[in-house]
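Down below is the structure, laid out as structure tokens.
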Amino acid sequence: MTARPWSAATVRLRELFESQWSLLDGRAAGTAGRSVITAKLEIDTSHGALRLGLDGEGLRHLLVPIGPSAGVEDDVRSAGVRLTTRTLSHDDGLPVRYADIACLRRDLAGTFTGLVADLAGLILAQPDRAPSLIVRTLHAWRLLLAGASTGWTVPRLAGLYAELRVLDSLLDVNPGAVRAWLGPLGCPQDFRGAHHAIEVKGSVAAEGRVVHVHGVDQLDTPPQGTLTLAWSRVTESTAPGARSVPDLLAECRDRIDDLGAFETRLTALGLPRGEESTIDRVRFVTAEQRWYDVSGDFPRIVPGGFVGGSAPTGVRSVEYRIDLNTVTHTAEPERVLKRLGADL
């Protein structure tokens with residue numbers, strides 16, 4: 001099995017980034033607080049190479065080169081992470097515009113390194129989509145670095161339960177499948193390999209098969225690859241076979257070959273910890289499951305459907321619902337899992 005380069009190198013990326021920031025730390029002493037010294041990374045986009053940065057206050061930065069008209073807006077709402085844009089000149093003297101992602105809390109520097117490694121991997125796999133990857137990943141970063149999380153309601157837990165059922169099945173195929181679990185890190189699809197992806201939707205509704213789609217990228221098929229939608233009807237239950245989210249997490253943890261990657265994803269999810277929390281008490285069973293091949297005339301909104309291959313300027317988000325009762329593109333779960341498992 002051939003490993004996807006950026007997935008296999010995630011741990012090494014963390015180590016590399018930590019060593020680079022340590023080297024920058026010695027050079028940053030006395031630097032003005034708003035100035036940033038940088039180190040070039042061998043990860044390129046169509047506008048140049050990524051850079052790590054450190055400012056005079058010792059705060060870590062990831063600088064992602066973007067085009068002059070790229071729609072990356074400043075986001076300073078979080079106390080833990082900040083997204084701005086800045087223009088820097090380097091040895092060749094030519095100015096480059098960057099998306100500047102900064103960790104604002106030194107106590108979260110190590111966690112920030114892990115997330116930067118994951119984002120760098122996503123950009124390495126899709127360098128032409130760096131701006132959208134930054135914006136989509138920032139939400140997961142904000143939950144983590146602000147030390148806060150949105151409430152874990154029963155429907156939200158049911159969605160995670162459905163996601164973990166897929167991860168559990170993928171681990172039977174490949175113990176390294178945790179590296180394909182990118183949903184917690186802001187990737188448009190919940191699971192993604194080099195060419196194939198799975199988007200998971202879990203519903204607690206007693207009737208109907210309607211899914212809520214977030215953004216024009218979520219059902220966009222990977223280039224020269226495939227996308228499968230795995231839908232489950234999840235029911236809260238006290239039956240002997242019912243399992244909680246912590247139950248599934250424990251089962252998955254025992255079979256994972258990269259616990260560092262697993263912990264990074266759990267931290268990004270922001271699950272509550274401690275005994276007798278809601279997530280421990282709520283248990284589910286899968287009442288129904290259907291998998292769909294997202295291709296051809298499958299009803300969806302994707303970037304290729306717009307003039308110029310992207311949503312119009314000024315459109316900040318696109319959300320819509322699909323009635324799966326109108327869809328006939330069914331897929332065989334075992335074949336989909338084996339395909340993705342071999343794609344890592």
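Labels for the structure tokens follow display order: chains A, B, ..., residues from 1 in each chain, ligands from 1.
Surrounding stretch 256-261 of chain A within 10 Å are A:Ser7, A:Ala8, A:Thr10, A:Val11, A:Gly114, A:Leu115, A:Asp118, A:Asp168, A:Leu171, A:Asn174, A:Pro175, A:Gly176, A:Ala177, A:Val178, A:Arg179, A:Ala180, A:Trp181, A:Glu251, A:Cys252, A:Arg265, A:Leu266, with only C-alpha atoms counted and residues fewer than 4 positions along the same chain left out.
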Keeping only all heavy atoms, write those residues as a compact mmCIF listing (two decimals), in the first residue's frame.
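result-v3.txt, written as the output of this step:
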# COMPACT_ATOMS: atom_id res chain seq x y z
N SER A 7 -0.15 12.57 4.47
CA SER A 7 -0.70 11.84 5.61
C SER A 7 0.41 11.11 6.35
O SER A 7 0.48 11.15 7.57
CB SER A 7 -1.75 10.83 5.12
OG SER A 7 -2.88 11.47 4.64
N ALA A 8 1.27 10.43 5.63
CA ALA A 8 2.33 9.67 6.26
C ALA A 8 3.31 10.58 6.99
O ALA A 8 3.99 10.17 7.92
CB ALA A 8 3.07 8.85 5.21
N THR A 10 2.67 13.44 8.68
CA THR A 10 2.09 14.39 9.63
C THR A 10 2.95 14.56 10.88
O THR A 10 3.22 15.68 11.32
CB THR A 10 0.67 13.93 10.04
OG1 THR A 10 -0.16 13.90 8.88
CG2 THR A 10 0.07 14.90 11.05
N VAL A 11 3.40 13.45 11.45
CA VAL A 11 4.23 13.54 12.66
C VAL A 11 5.54 14.24 12.36
O VAL A 11 6.00 15.10 13.14
CB VAL A 11 4.48 12.14 13.25
CG1 VAL A 11 5.47 12.22 14.42
CG2 VAL A 11 3.16 11.52 13.73
N GLY A 114 0.20 21.14 15.73
CA GLY A 114 -0.48 19.99 15.15
C GLY A 114 -1.49 20.38 14.10
O GLY A 114 -1.59 19.77 13.03
N LEU A 115 -2.25 21.43 14.37
CA LEU A 115 -3.25 21.88 13.41
C LEU A 115 -2.60 22.49 12.18
O LEU A 115 -3.09 22.31 11.06
CB LEU A 115 -4.20 22.89 14.08
CG LEU A 115 -5.14 22.26 15.10
CD1 LEU A 115 -5.95 23.32 15.81
CD2 LEU A 115 -6.05 21.25 14.46
N ASP A 118 -1.65 19.69 9.95
CA ASP A 118 -2.78 19.15 9.21
C ASP A 118 -3.20 20.08 8.07
O ASP A 118 -3.50 19.62 6.96
CB ASP A 118 -3.96 18.91 10.16
CG ASP A 118 -3.79 17.62 10.95
OD1 ASP A 118 -3.51 16.58 10.35
OD2 ASP A 118 -3.92 17.67 12.18
N ASP A 168 -14.72 3.32 12.34
CA ASP A 168 -14.56 1.98 12.89
C ASP A 168 -14.45 0.96 11.76
O ASP A 168 -13.59 0.06 11.79
CB ASP A 168 -15.76 1.67 13.79
CG ASP A 168 -15.62 0.33 14.50
OD1 ASP A 168 -14.63 0.12 15.20
OD2 ASP A 168 -16.53 -0.51 14.33
N LEU A 171 -11.09 1.29 9.87
CA LEU A 171 -9.96 0.74 10.61
C LEU A 171 -9.83 -0.77 10.40
O LEU A 171 -8.74 -1.33 10.53
CB LEU A 171 -10.09 1.06 12.10
CG LEU A 171 -9.86 2.53 12.46
CD1 LEU A 171 -10.24 2.78 13.92
CD2 LEU A 171 -8.42 2.95 12.21
N ASN A 174 -7.79 -0.57 7.16
CA ASN A 174 -6.46 0.03 7.26
C ASN A 174 -6.33 0.69 8.62
O ASN A 174 -7.05 1.65 8.91
CB ASN A 174 -6.28 1.06 6.14
CG ASN A 174 -4.88 1.67 6.10
OD1 ASN A 174 -4.13 1.58 7.07
ND2 ASN A 174 -4.55 2.30 4.98
N PRO A 175 -5.41 0.25 9.50
CA PRO A 175 -5.26 0.86 10.82
C PRO A 175 -4.76 2.30 10.76
O PRO A 175 -4.81 3.00 11.77
CB PRO A 175 -4.23 -0.05 11.51
CG PRO A 175 -3.51 -0.75 10.41
CD PRO A 175 -4.52 -0.92 9.32
N GLY A 176 -4.31 2.75 9.59
CA GLY A 176 -3.90 4.14 9.43
C GLY A 176 -5.03 5.05 8.97
O GLY A 176 -4.78 6.22 8.64
N ALA A 177 -6.26 4.55 8.96
CA ALA A 177 -7.39 5.31 8.42
C ALA A 177 -7.70 6.57 9.21
O ALA A 177 -8.40 7.45 8.71
CB ALA A 177 -8.63 4.42 8.35
N VAL A 178 -7.19 6.68 10.45
CA VAL A 178 -7.46 7.89 11.23
C VAL A 178 -6.93 9.12 10.50
O VAL A 178 -7.48 10.23 10.64
CB VAL A 178 -6.85 7.78 12.64
CG1 VAL A 178 -5.32 7.76 12.59
CG2 VAL A 178 -7.34 8.92 13.52
N ARG A 179 -5.89 8.96 9.69
CA ARG A 179 -5.33 10.10 8.97
C ARG A 179 -6.25 10.58 7.85
O ARG A 179 -6.09 11.68 7.35
CB ARG A 179 -3.94 9.75 8.45
CG ARG A 179 -2.92 9.57 9.57
CD ARG A 179 -1.52 9.33 9.03
NE ARG A 179 -1.37 8.00 8.46
CZ ARG A 179 -1.08 6.90 9.18
NH1 ARG A 179 -0.92 7.00 10.49
NH2 ARG A 179 -0.94 5.73 8.59
N ALA A 180 -7.19 9.74 7.46
CA ALA A 180 -8.18 10.15 6.46
C ALA A 180 -9.38 10.84 7.10
O ALA A 180 -10.20 11.42 6.39
CB ALA A 180 -8.66 8.94 5.66
N TRP A 181 -9.48 10.79 8.42
CA TRP A 181 -10.61 11.40 9.13
C TRP A 181 -10.31 12.89 9.28
O TRP A 181 -9.70 13.33 10.24
CB TRP A 181 -10.78 10.72 10.49
CG TRP A 181 -11.96 11.21 11.26
CD1 TRP A 181 -13.14 11.70 10.79
CD2 TRP A 181 -12.09 11.22 12.70
NE1 TRP A 181 -13.98 12.02 11.82
CE2 TRP A 181 -13.37 11.74 12.99
CE3 TRP A 181 -11.24 10.85 13.74
CZ2 TRP A 181 -13.81 11.90 14.31
CZ3 TRP A 181 -11.68 11.00 15.04
CH2 TRP A 181 -12.95 11.51 15.32
N GLU A 251 -13.20 2.00 21.24
CA GLU A 251 -13.01 0.88 20.33
C GLU A 251 -12.06 1.26 19.19
O GLU A 251 -11.21 0.47 18.77
CB GLU A 251 -14.36 0.42 19.77
CG GLU A 251 -15.26 -0.21 20.82
CD GLU A 251 -16.65 -0.49 20.28
OE1 GLU A 251 -16.80 -0.56 19.04
OE2 GLU A 251 -17.60 -0.64 21.09
N CYS A 252 -12.21 2.48 18.69
CA CYS A 252 -11.34 2.94 17.61
C CYS A 252 -9.91 3.14 18.11
O CYS A 252 -8.94 2.75 17.44
CB CYS A 252 -11.87 4.25 17.02
SG CYS A 252 -13.41 4.08 16.07
N ARG A 265 -7.46 15.27 16.49
CA ARG A 265 -8.84 15.36 16.03
C ARG A 265 -9.82 15.45 17.20
O ARG A 265 -10.79 16.20 17.13
CB ARG A 265 -9.14 14.15 15.12
CG ARG A 265 -8.50 14.31 13.74
CD ARG A 265 -8.05 12.99 13.14
NE ARG A 265 -7.50 13.18 11.80
CZ ARG A 265 -6.26 13.64 11.56
NH1 ARG A 265 -5.47 13.95 12.57
NH2 ARG A 265 -5.84 13.79 10.32
N LEU A 266 -9.57 14.71 18.25
CA LEU A 266 -10.45 14.78 19.41
C LEU A 266 -10.40 16.17 20.05
O LEU A 266 -11.43 16.72 20.48
CB LEU A 266 -10.06 13.73 20.45
CG LEU A 266 -10.25 12.27 20.06
CD1 LEU A 266 -9.98 11.36 21.25
CD2 LEU A 266 -11.64 12.02 19.51
**OP:** Going by DSSP on the backbone, which bits of stretch 108-276 of chain A are strand (DSSP E or B)? Write them as a list in words, please.
**Re:** Trp181, Phe191, Arg192, His196, Ala197, Ile198, Glu199, Val200, Lys201, Gly202, Ser203, Val210, Val211, His212, Val213, His214, Thr226, Leu227, Thr228, Leu229, Ala230, Trp231, Ser232, Arg233, Val234, Thr235, Glu236 and Arg243 of chain A
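You can rank A:Arg209, A:His329, A:Arg255, A:Arg129 by their closest distance to A:Asp172 using only C-alpha atoms, and at the top of that list sits A:Arg255.
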Original post:
Near stretch 221-224 of chain A, within 8 Å and counting only C-alpha atoms, which residues show up once chain neighbours fewer than 5 positions away are dropped, as a PyMOL selection string?
Top reply: chain A and resi 195-197+294-295
Please produce an output containing N, CA, C and O atoms for each residue in the selection, written as a tab-separated table (two decimals), in the first residue's frame.
chain	number	residue	atom	x	y	z
A	195	HIS	N	-7.44	10.34	-3.58
A	195	HIS	CA	-8.36	10.49	-4.70
A	195	HIS	C	-9.83	10.25	-4.32
A	195	HIS	O	-10.72	10.64	-5.07
A	196	HIS	N	-10.07	9.61	-3.20
A	196	HIS	CA	-11.43	9.22	-2.85
A	196	HIS	C	-11.85	9.82	-1.52
A	196	HIS	O	-11.02	10.05	-0.64
A	197	ALA	N	-13.17	10.07	-1.38
A	197	ALA	CA	-13.68	10.73	-0.18
A	197	ALA	C	-15.03	10.16	0.21
A	197	ALA	O	-15.77	9.61	-0.62
A	294	VAL	N	-21.89	9.87	-5.31
A	294	VAL	CA	-22.13	11.27	-5.68
A	294	VAL	C	-21.45	11.53	-7.02
A	294	VAL	O	-20.25	11.84	-7.09
A	295	SER	N	-22.21	11.38	-8.08
A	295	SER	CA	-21.68	11.56	-9.43
A	295	SER	C	-22.82	11.82	-10.39
A	295	SER	O	-24.00	11.74	-10.01
